[in-house]
Amino acid sequence: MRFLEEARALLGAAHVLTPDAEDLSAYTEDWRRRYQGRPLAVLRPADTAQVSAVVALCAQHGVAIVPQGGNSGMCAGATPDGSGKQVVLLLSRLNRVRAVDALNNTMTVEAGCVLAKVQELAAEHERFFPLSIGSEGSCQIGGNIATNAGGIQVLRYGNMRDQVLGLEVVLPDGQVLNLLKGLRKDNTGYDLKHLFIGAEGTLGIITAAVLKLYPAPRARTLALVAVESPQRALELLAVLRSHLADRVTAFEIMGDAVVAMVQKHIPGTPALFDKRPPWYVLAQVSDSSGAEALQTAFEEALGQALESGVAQDVIITSSVAQANELWAMRDNASAAQQRDGHNIKHDMAVPVSSVPAFIDEVLPQLEIAYPGVRPVVFGHLGDGNLHFNVARPADWVGDWLDQSDAVNAIVLDAVARYNGSFSAEHGLGMLKKHELPLYKTPLELDLMRRIKAALDPQGLMNPGKVLPD
Ligand code: FAD
Ligand code: MLT
Ligand code: ZN
């Protein structure tokens with residue numbers, strides 16, 4: 001085929017992988033194993049010039065492109081369809097660090113840099129890159145930007161959008177849009193970079209970014225707190241903030257069903273409190289000055305929470321190893337669920353203050369509709385963002401995922417009543433695009449379609465994702 005020959009000429013034959021010659025399953029199935037595709041080829045460009053050339057070639061031949069980073073996305077945004085006509089464009093070879101400007105507190109990295117490497121590099125320069133998610137060992141900066149990833153430190157530092165000062169993007173016709181400025185102020189018309197952040201590869205391919213760095217925290221402590229309800233958890237957040245203000249850098253909640261699932265499926269997960277509480281909070285505090293003052297303020301705040309009945313029990317970690325063990329338990333929530341079998345996942349947000357009322361309203365509705373249903377609720381309580389997952393009743397017969405529409409209607413209609421979001425950090429991909437017309441206004445949807453048509457008139461950038469057909 002002419003297209004493949006020309007792609008080989010541009011990238012080198014070793015970087016054009018085809019299904020007849022290679023096992024491409026690592027690139028054609030989503031992380032949750034819910035979607036499998038069949039691509040025409042998997043392309044591995046080495047740099048921005050090659051991305052530009054191969055995207056122009058796709059435009060010329062009318063070939064659709066599915067950009068792929070670490071393939072850790074939760075909504076099948078990086079999976080090709082089954083037509084055998086789309087190409088998967090891997091960004092992993094674009095993994096250079098172009099610059100570190102310690103005085104400007106920025107680094108310029110290519111899209112294929114793995115998040116954990118970027119965190120390490122920042123630390124080598126006595127700086128801090130705050131995005132932190134369970135997949136950080138495999139996800140890539142381009143994927144993080146394309147999904148506007150969140151994670152555990154949004155409470156203090158914001159999500160990925162807040163970490164991006166500049167971008168380089170290859171547009172659907174192959175032109176390179178260079179917005180690689182390390183500016184904290186620039187009010188010169190529409191801020192174009194924001195169009196591509198969170199667009200899940202539907203408007204262009206991110207090839208590099210200027211990222212914001214922060215002073216490195218010199219002290220960090222983590223506590224696991226047992227609480228009787230999400231309302232108590234929010235009261236705990238208020239107590240911590242009144243003592244520690246912005247030094248509270250993570251505030252995560254887990255229902256006991258999640259903790260039990262991780263303990264069952266992930267070997268080495270520790271036993272925690274003598275008496276199992278219904279809810280657990282992981283609260284982290286960090287400071288760029290003295291460890292002692294931080295520890296004292298944290299202990300005082302937690303002491304007050306215990307005394308007033310806001311907290312039932314507390315484990316304050318005494319070593320980095322112990323803190324890592326508790327974070328591993330939290331990070332393994334998704335893997336444990338995957339091993340436990342299909343559950344209907346939600347990544348919703350409501351205003352932080354509404355979380356307890358939301359949970360109290362929805363849990364009984366689910367139980368009425370599906371007696372014995374097992375809610376698996378955890379997430380970023382400090383941001384009002386819960387992974388409100390619903391596992392089948394133990395005696396359920398049949399495919400639980402067949403109930404997705406009915407379960408979604410219960411959960412997501414309630415989200416809408418609380419003026420919330422039905423996808424707070426994972427995006428839409430193929431999995432959630434159908435919810436868009438249900439929960440966005442026609443005007444919002446129309447504006448999105450007009451932006452898509454203006455930037456990608458041929459509809460070749462990740463078709464079938466984000467926007468419903
Ligand atoms: P991919 O999965 O490869 O792609 C995701 C989307 O971005 C696709 O639509 C793809 O087409 C597009 N894309 C990828 N690279 C580019 C590019 N260079 N240019 C344009 N488009 C591109 N997410 C959170 O937000 N918070 C969490 O706490 C969190 N925890 C996770 C924990 C685990 C264990 C796992 C497996 C996932 C978790 N995720 C979380 C989801 C996922 O890791 C993030 O969405 C991540 O940002 C995806 O990055 P990736 O490189 O793997 O992207
Ligand atoms: C998390 O916070 O662990 C993730 O976003 C992953 C998930 O929802 O499974
Ligand atoms: Zn999350």
# chains A, B, ... in the order shown; residues from 1 in each chain; ligands from 1
$ closest_atom_pairs --of "chain A" --to "ligand 3" --cutoff "7 Å" --atoms "only C-alpha atoms and all ligand atoms" --output "JSON lines"
{"residue": "A:Gly150", "atom": "CA", "partner": "ligand 3", "partner_atom_place_in_ligand_line": "1 (Zn)", "distance": 6.6}
{"residue": "A:Gly151", "atom": "CA", "partner": "ligand 3", "partner_atom_place_in_ligand_line": "1 (Zn)", "distance": 5.2}
{"residue": "A:Gly379", "atom": "CA", "partner": "ligand 3", "partner_atom_place_in_ligand_line": "1 (Zn)", "distance": 5.7}
{"residue": "A:His380", "atom": "CA", "partner": "ligand 3", "partner_atom_place_in_ligand_line": "1 (Zn)", "distance": 6.4}
{"residue": "A:His387", "atom": "CA", "partner": "ligand 3", "partner_atom_place_in_ligand_line": "1 (Zn)", "distance": 6.5}
{"residue": "A:Glu425", "atom": "CA", "partner": "ligand 3", "partner_atom_place_in_ligand_line": "1 (Zn)", "distance": 6.7}
$ residues_around --residues "Gly69 in chain A" --least-positions-apart "2" --cutoff "7 Å" --atoms "only C-alpha atoms" --output "ChimeraX atom specification"
/A:67,71,90-92,112,139-140,142-143
$ write_last_selection --atoms "C-alpha atoms" --output "PDB file, in the first residue's frame"
ATOM      1  CA  PRO A  67      -2.248   9.314  19.361  1.00  0.00           C
ATOM      2  CA  ASN A  71      -1.822   3.678  27.173  1.00  0.00           C
ATOM      3  CA  LEU A  90       3.164   6.399  19.499  1.00  0.00           C
ATOM      4  CA  LEU A  91       4.880   9.335  21.172  1.00  0.00           C
ATOM      5  CA  SER A  92       7.282   7.260  23.278  1.00  0.00           C
ATOM      6  CA  GLY A 112       6.875  10.906  25.434  1.00  0.00           C
ATOM      7  CA  CYS A 139       1.984   7.356  31.640  1.00  0.00           C
ATOM      8  CA  GLN A 140       3.561  10.114  29.577  1.00  0.00           C
ATOM      9  CA  GLY A 142       1.668  14.141  26.421  1.00  0.00           C
ATOM     10  CA  GLY A 143      -1.037  11.788  27.705  1.00  0.00           C
TER      11      GLY A 143
END
$ atom_distance --atom1 "atom 12 (C, counted along the ligand's line) of ligand 1" --atom2 "CA of Leu445 in chain A"
20.2 Å
$ select_by_dssp --residues "range 424-458 of chain A" --states "helix (DSSP H, G or I)" --output "VMD selection string"
chain A and resid 433 to 439 442 to 455
$ atom_distance --atom1 "CA of Ala250 in chain A" --atom2 "CA of Val154 in chain A"
7.6 Å
$ closest_atom_pairs --of "range 225-255 of chain A" --to "range 309-325 of chain A" --cutoff "7 Å" --atoms "only C-alpha atoms" --output "CSV"
residue,atom,partner,partner_atom,distance
A:Val225,CA,A:Val314,CA,4.5
A:Ala226,CA,A:Asp313,CA,5.0
A:Val227,CA,A:Ala311,CA,5.1
A:Arg232,CA,A:Val310,CA,5.4
A:Glu235,CA,A:Val310,CA,6.6
A:Leu236,CA,A:Val310,CA,6.2
$ closest_residue --among "A:Asp23, A:Glu307, A:Glu228, A:Glu252" --to "ligand 1" --atoms "only C-alpha atoms and all ligand atoms"
A:Glu252
$ residues_around --residues "Leu438 in chain A" --least-positions-apart "2" --cutoff "10 Å" --atoms "only C-alpha atoms" --output "list in words"
Ala409, Leu412, Asp413, Ala416, Lys433, His434, Glu435, Leu436, Lys440, Thr441 and Pro442 of chain A
$ closest_atom_pairs --of "range 312-404 of chain A" --to "range 34-37 of chain A" --cutoff "12 Å" --atoms "only C-alpha atoms" --output "JSON lines"
{"residue": "A:Gln338", "atom": "CA", "partner": "A:Arg34", "partner_atom": "CA", "distance": 10.9}
{"residue": "A:Gly341", "atom": "CA", "partner": "A:Arg34", "partner_atom": "CA", "distance": 11.7}
{"residue": "A:His342", "atom": "CA", "partner": "A:Arg34", "partner_atom": "CA", "distance": 9.4}
{"residue": "A:Asn343", "atom": "CA", "partner": "A:Arg34", "partner_atom": "CA", "distance": 11.4}
{"residue": "A:Ile344", "atom": "CA", "partner": "A:Arg34", "partner_atom": "CA", "distance": 11.6}
{"residue": "A:Leu401", "atom": "CA", "partner": "A:Arg34", "partner_atom": "CA", "distance": 10.3}
$ residues_near_ligand --ligand "ligand 2" --cutoff "10 Å" --atoms "only C-alpha atoms and all ligand atoms" --output "ChimeraX atom specification"
/A:32,72-74,132-135,149-152,252,330-338,345-348,377-380,385-389,424-426
$ write_last_selection --atoms "N, CA and C atoms" --output "compact mmCIF listing (two decimals), in the first residue's frame"
# COMPACT_ATOMS: atom_id res chain seq x y z
N ARG A 32 -8.11 -1.03 30.67
CA ARG A 32 -9.14 -1.79 31.39
C ARG A 32 -9.59 -3.03 30.62
N SER A 72 -2.34 4.24 29.47
CA SER A 72 -2.87 3.96 30.81
C SER A 72 -4.23 4.63 31.02
N GLY A 73 -4.77 5.23 29.98
CA GLY A 73 -6.03 5.97 30.10
C GLY A 73 -7.17 5.06 30.50
N MET A 74 -8.16 5.65 31.17
CA MET A 74 -9.27 4.86 31.73
C MET A 74 -10.49 4.83 30.81
N SER A 132 0.90 13.68 40.43
CA SER A 132 1.21 12.37 41.01
C SER A 132 -0.01 11.46 40.86
N ILE A 133 0.14 10.41 40.05
CA ILE A 133 -0.97 9.48 39.83
C ILE A 133 -0.44 8.04 39.87
N GLY A 134 -1.33 7.10 40.09
CA GLY A 134 -0.93 5.71 40.29
C GLY A 134 -0.19 5.13 39.11
N SER A 135 -0.41 5.67 37.92
CA SER A 135 0.22 5.15 36.70
C SER A 135 1.49 5.90 36.35
N ALA A 149 -4.79 15.37 33.36
CA ALA A 149 -4.81 14.44 34.49
C ALA A 149 -4.87 15.17 35.84
N GLY A 150 -5.38 14.45 36.83
CA GLY A 150 -5.56 15.04 38.17
C GLY A 150 -4.63 14.39 39.19
N GLY A 151 -5.14 13.43 39.95
CA GLY A 151 -4.30 12.72 40.90
C GLY A 151 -4.40 13.26 42.30
N ILE A 152 -3.37 12.95 43.11
CA ILE A 152 -3.53 13.13 44.56
C ILE A 152 -3.09 14.50 45.09
N GLU A 252 -7.24 12.06 50.56
CA GLU A 252 -7.89 11.00 49.79
C GLU A 252 -8.81 10.18 50.70
N ARG A 330 -3.31 2.76 48.35
CA ARG A 330 -4.22 3.66 47.63
C ARG A 330 -4.04 3.51 46.11
N ASP A 331 -2.77 3.49 45.67
CA ASP A 331 -2.50 3.41 44.23
C ASP A 331 -2.99 2.10 43.63
N ASN A 332 -3.06 1.07 44.45
CA ASN A 332 -3.47 -0.24 43.93
C ASN A 332 -4.98 -0.43 43.87
N ALA A 333 -5.72 0.61 44.20
CA ALA A 333 -7.18 0.47 44.18
C ALA A 333 -7.67 0.03 42.80
N SER A 334 -7.15 0.64 41.74
CA SER A 334 -7.62 0.29 40.38
C SER A 334 -7.22 -1.13 40.01
N ALA A 335 -5.96 -1.49 40.33
CA ALA A 335 -5.49 -2.83 39.98
C ALA A 335 -6.32 -3.89 40.72
N ALA A 336 -6.63 -3.61 41.99
CA ALA A 336 -7.41 -4.58 42.77
C ALA A 336 -8.80 -4.74 42.17
N GLN A 337 -9.39 -3.62 41.76
CA GLN A 337 -10.71 -3.72 41.15
C GLN A 337 -10.67 -4.50 39.86
N GLN A 338 -9.59 -4.26 39.07
CA GLN A 338 -9.45 -4.98 37.80
C GLN A 338 -9.43 -6.48 38.07
N LYS A 345 -17.60 1.86 36.51
CA LYS A 345 -16.77 2.91 37.11
C LYS A 345 -17.33 4.29 36.82
N HIS A 346 -17.20 5.16 37.81
CA HIS A 346 -17.55 6.57 37.62
C HIS A 346 -16.43 7.42 38.17
N ASP A 347 -16.22 8.52 37.52
CA ASP A 347 -15.15 9.46 37.91
C ASP A 347 -15.84 10.82 38.00
N MET A 348 -16.62 10.99 39.07
CA MET A 348 -17.51 12.16 39.13
C MET A 348 -16.99 13.22 40.10
N VAL A 377 -16.09 2.86 46.62
CA VAL A 377 -15.96 4.32 46.51
C VAL A 377 -14.62 4.76 47.09
N PHE A 378 -13.87 5.52 46.29
CA PHE A 378 -12.62 6.10 46.78
C PHE A 378 -12.28 7.31 45.92
N GLY A 379 -11.30 8.07 46.35
CA GLY A 379 -10.86 9.15 45.47
C GLY A 379 -10.43 10.40 46.18
N HIS A 380 -10.49 11.46 45.40
CA HIS A 380 -9.83 12.71 45.75
C HIS A 380 -10.84 13.62 46.46
N ASN A 385 -13.87 14.94 44.02
CA ASN A 385 -13.82 13.99 42.90
C ASN A 385 -13.72 12.55 43.43
N LEU A 386 -14.78 11.78 43.18
CA LEU A 386 -14.81 10.40 43.67
C LEU A 386 -14.81 9.41 42.52
N HIS A 387 -14.12 8.30 42.71
CA HIS A 387 -14.26 7.16 41.82
C HIS A 387 -15.37 6.30 42.43
N PHE A 388 -16.56 6.61 41.98
CA PHE A 388 -17.77 6.05 42.59
C PHE A 388 -18.15 4.80 41.80
N ASN A 389 -17.43 3.71 42.11
CA ASN A 389 -17.58 2.50 41.30
C ASN A 389 -18.61 1.56 41.91
N ALA A 424 -14.49 13.74 35.89
CA ALA A 424 -13.72 14.83 36.51
C ALA A 424 -12.25 14.80 36.14
N GLU A 425 -11.68 13.59 35.89
CA GLU A 425 -10.24 13.58 35.57
C GLU A 425 -9.85 12.58 34.50
N HIS A 426 -10.67 11.65 34.12
CA HIS A 426 -10.24 10.64 33.15
C HIS A 426 -10.58 10.97 31.72
$ residues_around --residues "range 194-206 of chain A" --least-positions-apart "4" --cutoff "8 Å" --atoms "only C-alpha atoms" --output "MDAnalysis selection string"
chainID A and resid 66:67 77 111 142:143 145:148 161 167:172 427 429 452 455:456 461:463 465:466
$ write_last_selection --atoms "N, CA and C atoms" --output "PDB file, in the first residue's frame"
ATOM      1  N   VAL A  66      -4.692   7.849  15.782  1.00  0.00           N
ATOM      2  CA  VAL A  66      -4.976   7.705  17.217  1.00  0.00           C
ATOM      3  C   VAL A  66      -3.664   7.935  17.972  1.00  0.00           C
ATOM      4  N   PRO A  67      -3.485   9.111  18.604  1.00  0.00           N
ATOM      5  CA  PRO A  67      -2.248   9.314  19.361  1.00  0.00           C
ATOM      6  C   PRO A  67      -2.245   8.420  20.602  1.00  0.00           C
ATOM      7  N   GLY A  77      -9.363   6.170  25.171  1.00  0.00           N
ATOM      8  CA  GLY A  77      -9.126   7.268  24.231  1.00  0.00           C
ATOM      9  C   GLY A  77      -7.982   6.966  23.283  1.00  0.00           C
ATOM     10  N   ALA A 111       6.799  15.074  24.635  1.00  0.00           N
ATOM     11  CA  ALA A 111       5.547  14.443  25.062  1.00  0.00           C
ATOM     12  C   ALA A 111       5.715  13.014  25.570  1.00  0.00           C
ATOM     13  N   GLY A 142       2.646  13.816  27.475  1.00  0.00           N
ATOM     14  CA  GLY A 142       1.668  14.141  26.421  1.00  0.00           C
ATOM     15  C   GLY A 142       0.286  13.606  26.774  1.00  0.00           C
ATOM     16  N   GLY A 143       0.246  12.375  27.289  1.00  0.00           N
ATOM     17  CA  GLY A 143      -1.037  11.788  27.705  1.00  0.00           C
ATOM     18  C   GLY A 143      -1.616  12.526  28.897  1.00  0.00           C
ATOM     19  N   ILE A 145      -1.233  15.645  29.574  1.00  0.00           N
ATOM     20  CA  ILE A 145      -1.774  16.936  29.110  1.00  0.00           C
ATOM     21  C   ILE A 145      -3.060  16.691  28.321  1.00  0.00           C
ATOM     22  N   ALA A 146      -3.021  15.670  27.461  1.00  0.00           N
ATOM     23  CA  ALA A 146      -4.197  15.401  26.609  1.00  0.00           C
ATOM     24  C   ALA A 146      -5.413  15.006  27.437  1.00  0.00           C
ATOM     25  N   THR A 147      -5.184  14.433  28.630  1.00  0.00           N
ATOM     26  CA  THR A 147      -6.325  14.064  29.486  1.00  0.00           C
ATOM     27  C   THR A 147      -6.535  15.068  30.620  1.00  0.00           C
ATOM     28  N   ASN A 148      -5.682  16.075  30.698  1.00  0.00           N
ATOM     29  CA  ASN A 148      -5.715  17.004  31.840  1.00  0.00           C
ATOM     30  C   ASN A 148      -5.792  16.200  33.149  1.00  0.00           C
ATOM     31  N   ARG A 161      -3.508  20.944  33.722  1.00  0.00           N
ATOM     32  CA  ARG A 161      -3.667  22.227  33.029  1.00  0.00           C
ATOM     33  C   ARG A 161      -2.913  23.342  33.757  1.00  0.00           C
ATOM     34  N   LEU A 167       3.184  24.956  25.041  1.00  0.00           N
ATOM     35  CA  LEU A 167       2.978  23.692  24.326  1.00  0.00           C
ATOM     36  C   LEU A 167       3.541  23.775  22.914  1.00  0.00           C
ATOM     37  N   GLU A 168       3.924  22.619  22.395  1.00  0.00           N
ATOM     38  CA  GLU A 168       4.197  22.487  20.957  1.00  0.00           C
ATOM     39  C   GLU A 168       3.220  21.421  20.454  1.00  0.00           C
ATOM     40  N   VAL A 169       2.507  21.756  19.377  1.00  0.00           N
ATOM     41  CA  VAL A 169       1.461  20.853  18.902  1.00  0.00           C
ATOM     42  C   VAL A 169       1.573  20.690  17.386  1.00  0.00           C
ATOM     43  N   VAL A 170       1.463  19.460  16.917  1.00  0.00           N
ATOM     44  CA  VAL A 170       1.352  19.236  15.471  1.00  0.00           C
ATOM     45  C   VAL A 170      -0.137  19.214  15.138  1.00  0.00           C
ATOM     46  N   LEU A 171      -0.526  20.128  14.254  1.00  0.00           N
ATOM     47  CA  LEU A 171      -1.940  20.263  13.896  1.00  0.00           C
ATOM     48  C   LEU A 171      -2.337  19.176  12.887  1.00  0.00           C
ATOM     49  N   PRO A 172      -3.628  18.953  12.700  1.00  0.00           N
ATOM     50  CA  PRO A 172      -4.059  17.845  11.839  1.00  0.00           C
ATOM     51  C   PRO A 172      -3.574  17.929  10.387  1.00  0.00           C
ATOM     52  N   GLY A 427     -11.451  11.961  31.494  1.00  0.00           N
ATOM     53  CA  GLY A 427     -11.842  12.299  30.128  1.00  0.00           C
ATOM     54  C   GLY A 427     -13.006  11.451  29.648  1.00  0.00           C
ATOM     55  N   GLY A 429     -12.982   9.726  26.024  1.00  0.00           N
ATOM     56  CA  GLY A 429     -12.581   8.644  25.130  1.00  0.00           C
ATOM     57  C   GLY A 429     -13.755   8.063  24.383  1.00  0.00           C
ATOM     58  N   LYS A 452     -13.945  21.598  16.886  1.00  0.00           N
ATOM     59  CA  LYS A 452     -13.389  20.394  16.234  1.00  0.00           C
ATOM     60  C   LYS A 452     -13.354  20.596  14.711  1.00  0.00           C
ATOM     61  N   LEU A 455     -10.564  23.087  13.575  1.00  0.00           N
ATOM     62  CA  LEU A 455      -9.174  22.635  13.651  1.00  0.00           C
ATOM     63  C   LEU A 455      -8.918  21.365  12.847  1.00  0.00           C
ATOM     64  N   ASP A 456      -9.928  20.539  12.735  1.00  0.00           N
ATOM     65  CA  ASP A 456      -9.733  19.217  12.105  1.00  0.00           C
ATOM     66  C   ASP A 456     -10.844  18.979  11.091  1.00  0.00           C
ATOM     67  N   MET A 461      -8.311  13.402  13.383  1.00  0.00           N
ATOM     68  CA  MET A 461      -7.625  13.317  14.672  1.00  0.00           C
ATOM     69  C   MET A 461      -8.483  12.568  15.693  1.00  0.00           C
ATOM     70  N   ASN A 462      -8.081  11.373  15.975  1.00  0.00           N
ATOM     71  CA  ASN A 462      -8.742  10.527  16.968  1.00  0.00           C
ATOM     72  C   ASN A 462     -10.269  10.505  16.815  1.00  0.00           C
ATOM     73  N   PRO A 463     -10.753  10.149  15.619  1.00  0.00           N
ATOM     74  CA  PRO A 463     -12.206  10.126  15.423  1.00  0.00           C
ATOM     75  C   PRO A 463     -12.869   9.074  16.323  1.00  0.00           C
ATOM     76  N   LYS A 465     -13.729   9.572  19.349  1.00  0.00           N
ATOM     77  CA  LYS A 465     -13.427   9.839  20.759  1.00  0.00           C
ATOM     78  C   LYS A 465     -14.028  11.199  21.143  1.00  0.00           C
ATOM     79  N   VAL A 466     -14.340  11.356  22.378  1.00  0.00           N
ATOM     80  CA  VAL A 466     -14.846  12.596  22.991  1.00  0.00           C
ATOM     81  C   VAL A 466     -16.233  12.981  22.463  1.00  0.00           C
TER      82      VAL A 466
END
$ closest_residue --among "A:Ser421, A:Gln365, A:Thr296, A:Ser289" --to "Ala349 in chain A" --atoms "only C-alpha atoms"
A:Ser421
$ closest_residue --among "A:Gly182, A:Gly303, A:Gly137, A:Gly384" --to "ligand 1" --atoms "only C-alpha atoms and all ligand atoms"
A:Gly137
$ closest_residue --among "A:Glu136, A:Glu120, A:Glu126, A:Glu22" --to "ligand 1" --atoms "only C-alpha atoms and all ligand atoms"
A:Glu136
$ atom_distance --atom1 "CA of Met448 in chain A" --atom2 "CA of Asp186 in chain A"
24.4 Å
$ closest_residue --among "A:Ser229, A:Thr207, A:Thr249, A:Gln175" --to "Leu57 in chain A" --atoms "only C-alpha atoms"
A:Gln175
$ decode --residues "range 175-194 of chain A" --atoms "N, CA and C atoms" --output "PDB file, in the first residue's frame"
ATOM      1  N   GLN A 175       1.097  21.072  10.255  1.00  0.00           N
ATOM      2  CA  GLN A 175       1.816  22.281  10.685  1.00  0.00           C
ATOM      3  C   GLN A 175       2.193  22.172  12.164  1.00  0.00           C
ATOM      4  N   VAL A 176       3.347  22.793  12.513  1.00  0.00           N
ATOM      5  CA  VAL A 176       3.780  22.770  13.917  1.00  0.00           C
ATOM      6  C   VAL A 176       3.422  24.106  14.563  1.00  0.00           C
ATOM      7  N   LEU A 177       2.589  24.043  15.586  1.00  0.00           N
ATOM      8  CA  LEU A 177       2.202  25.249  16.328  1.00  0.00           C
ATOM      9  C   LEU A 177       3.139  25.357  17.525  1.00  0.00           C
ATOM     10  N   ASN A 178       4.019  26.354  17.492  1.00  0.00           N
ATOM     11  CA  ASN A 178       5.002  26.479  18.575  1.00  0.00           C
ATOM     12  C   ASN A 178       4.520  27.512  19.594  1.00  0.00           C
ATOM     13  N   LEU A 179       4.068  27.006  20.742  1.00  0.00           N
ATOM     14  CA  LEU A 179       3.621  27.885  21.837  1.00  0.00           C
ATOM     15  C   LEU A 179       4.506  27.620  23.056  1.00  0.00           C
ATOM     16  N   LEU A 180       5.776  27.300  22.793  1.00  0.00           N
ATOM     17  CA  LEU A 180       6.675  26.883  23.884  1.00  0.00           C
ATOM     18  C   LEU A 180       7.241  28.080  24.642  1.00  0.00           C
ATOM     19  N   LYS A 181       6.377  28.815  25.324  1.00  0.00           N
ATOM     20  CA  LYS A 181       6.863  29.944  26.118  1.00  0.00           C
ATOM     21  C   LYS A 181       6.770  29.595  27.595  1.00  0.00           C
ATOM     22  N   GLY A 182       7.768  30.042  28.341  1.00  0.00           N
ATOM     23  CA  GLY A 182       7.745  29.777  29.777  1.00  0.00           C
ATOM     24  C   GLY A 182       7.236  30.986  30.547  1.00  0.00           C
ATOM     25  N   LEU A 183       6.118  31.545  30.088  1.00  0.00           N
ATOM     26  CA  LEU A 183       5.608  32.785  30.695  1.00  0.00           C
ATOM     27  C   LEU A 183       4.506  32.490  31.690  1.00  0.00           C
ATOM     28  N   ARG A 184       4.520  33.260  32.779  1.00  0.00           N
ATOM     29  CA  ARG A 184       3.418  33.172  33.738  1.00  0.00           C
ATOM     30  C   ARG A 184       2.353  34.221  33.466  1.00  0.00           C
ATOM     31  N   LYS A 185       2.654  35.143  32.592  1.00  0.00           N
ATOM     32  CA  LYS A 185       1.659  36.150  32.196  1.00  0.00           C
ATOM     33  C   LYS A 185       1.748  36.370  30.694  1.00  0.00           C
ATOM     34  N   ASP A 186       0.606  36.320  30.019  1.00  0.00           N
ATOM     35  CA  ASP A 186       0.604  36.535  28.573  1.00  0.00           C
ATOM     36  C   ASP A 186      -0.844  36.685  28.120  1.00  0.00           C
ATOM     37  N   ASN A 187      -1.321  37.908  28.115  1.00  0.00           N
ATOM     38  CA  ASN A 187      -2.724  38.138  27.746  1.00  0.00           C
ATOM     39  C   ASN A 187      -2.824  38.693  26.333  1.00  0.00           C
ATOM     40  N   THR A 188      -2.346  37.910  25.373  1.00  0.00           N
ATOM     41  CA  THR A 188      -2.345  38.394  23.995  1.00  0.00           C
ATOM     42  C   THR A 188      -3.384  37.630  23.179  1.00  0.00           C
ATOM     43  N   GLY A 189      -4.624  37.806  23.579  1.00  0.00           N
ATOM     44  CA  GLY A 189      -5.713  37.144  22.840  1.00  0.00           C
ATOM     45  C   GLY A 189      -6.020  35.770  23.406  1.00  0.00           C
ATOM     46  N   TYR A 190      -6.696  34.940  22.605  1.00  0.00           N
ATOM     47  CA  TYR A 190      -7.106  33.611  23.078  1.00  0.00           C
ATOM     48  C   TYR A 190      -5.877  32.805  23.460  1.00  0.00           C
ATOM     49  N   ASP A 191      -5.947  32.119  24.581  1.00  0.00           N
ATOM     50  CA  ASP A 191      -4.815  31.309  25.024  1.00  0.00           C
ATOM     51  C   ASP A 191      -4.956  29.920  24.377  1.00  0.00           C
ATOM     52  N   LEU A 192      -4.328  29.778  23.209  1.00  0.00           N
ATOM     53  CA  LEU A 192      -4.600  28.600  22.360  1.00  0.00           C
ATOM     54  C   LEU A 192      -4.206  27.273  23.013  1.00  0.00           C
ATOM     55  N   LYS A 193      -3.182  27.321  23.880  1.00  0.00           N
ATOM     56  CA  LYS A 193      -2.724  26.026  24.426  1.00  0.00           C
ATOM     57  C   LYS A 193      -3.845  25.294  25.165  1.00  0.00           C
ATOM     58  N   HIS A 194      -4.751  26.091  25.765  1.00  0.00           N
ATOM     59  CA  HIS A 194      -5.803  25.434  26.558  1.00  0.00           C
ATOM     60  C   HIS A 194      -6.759  24.598  25.703  1.00  0.00           C
TER      61      HIS A 194
END
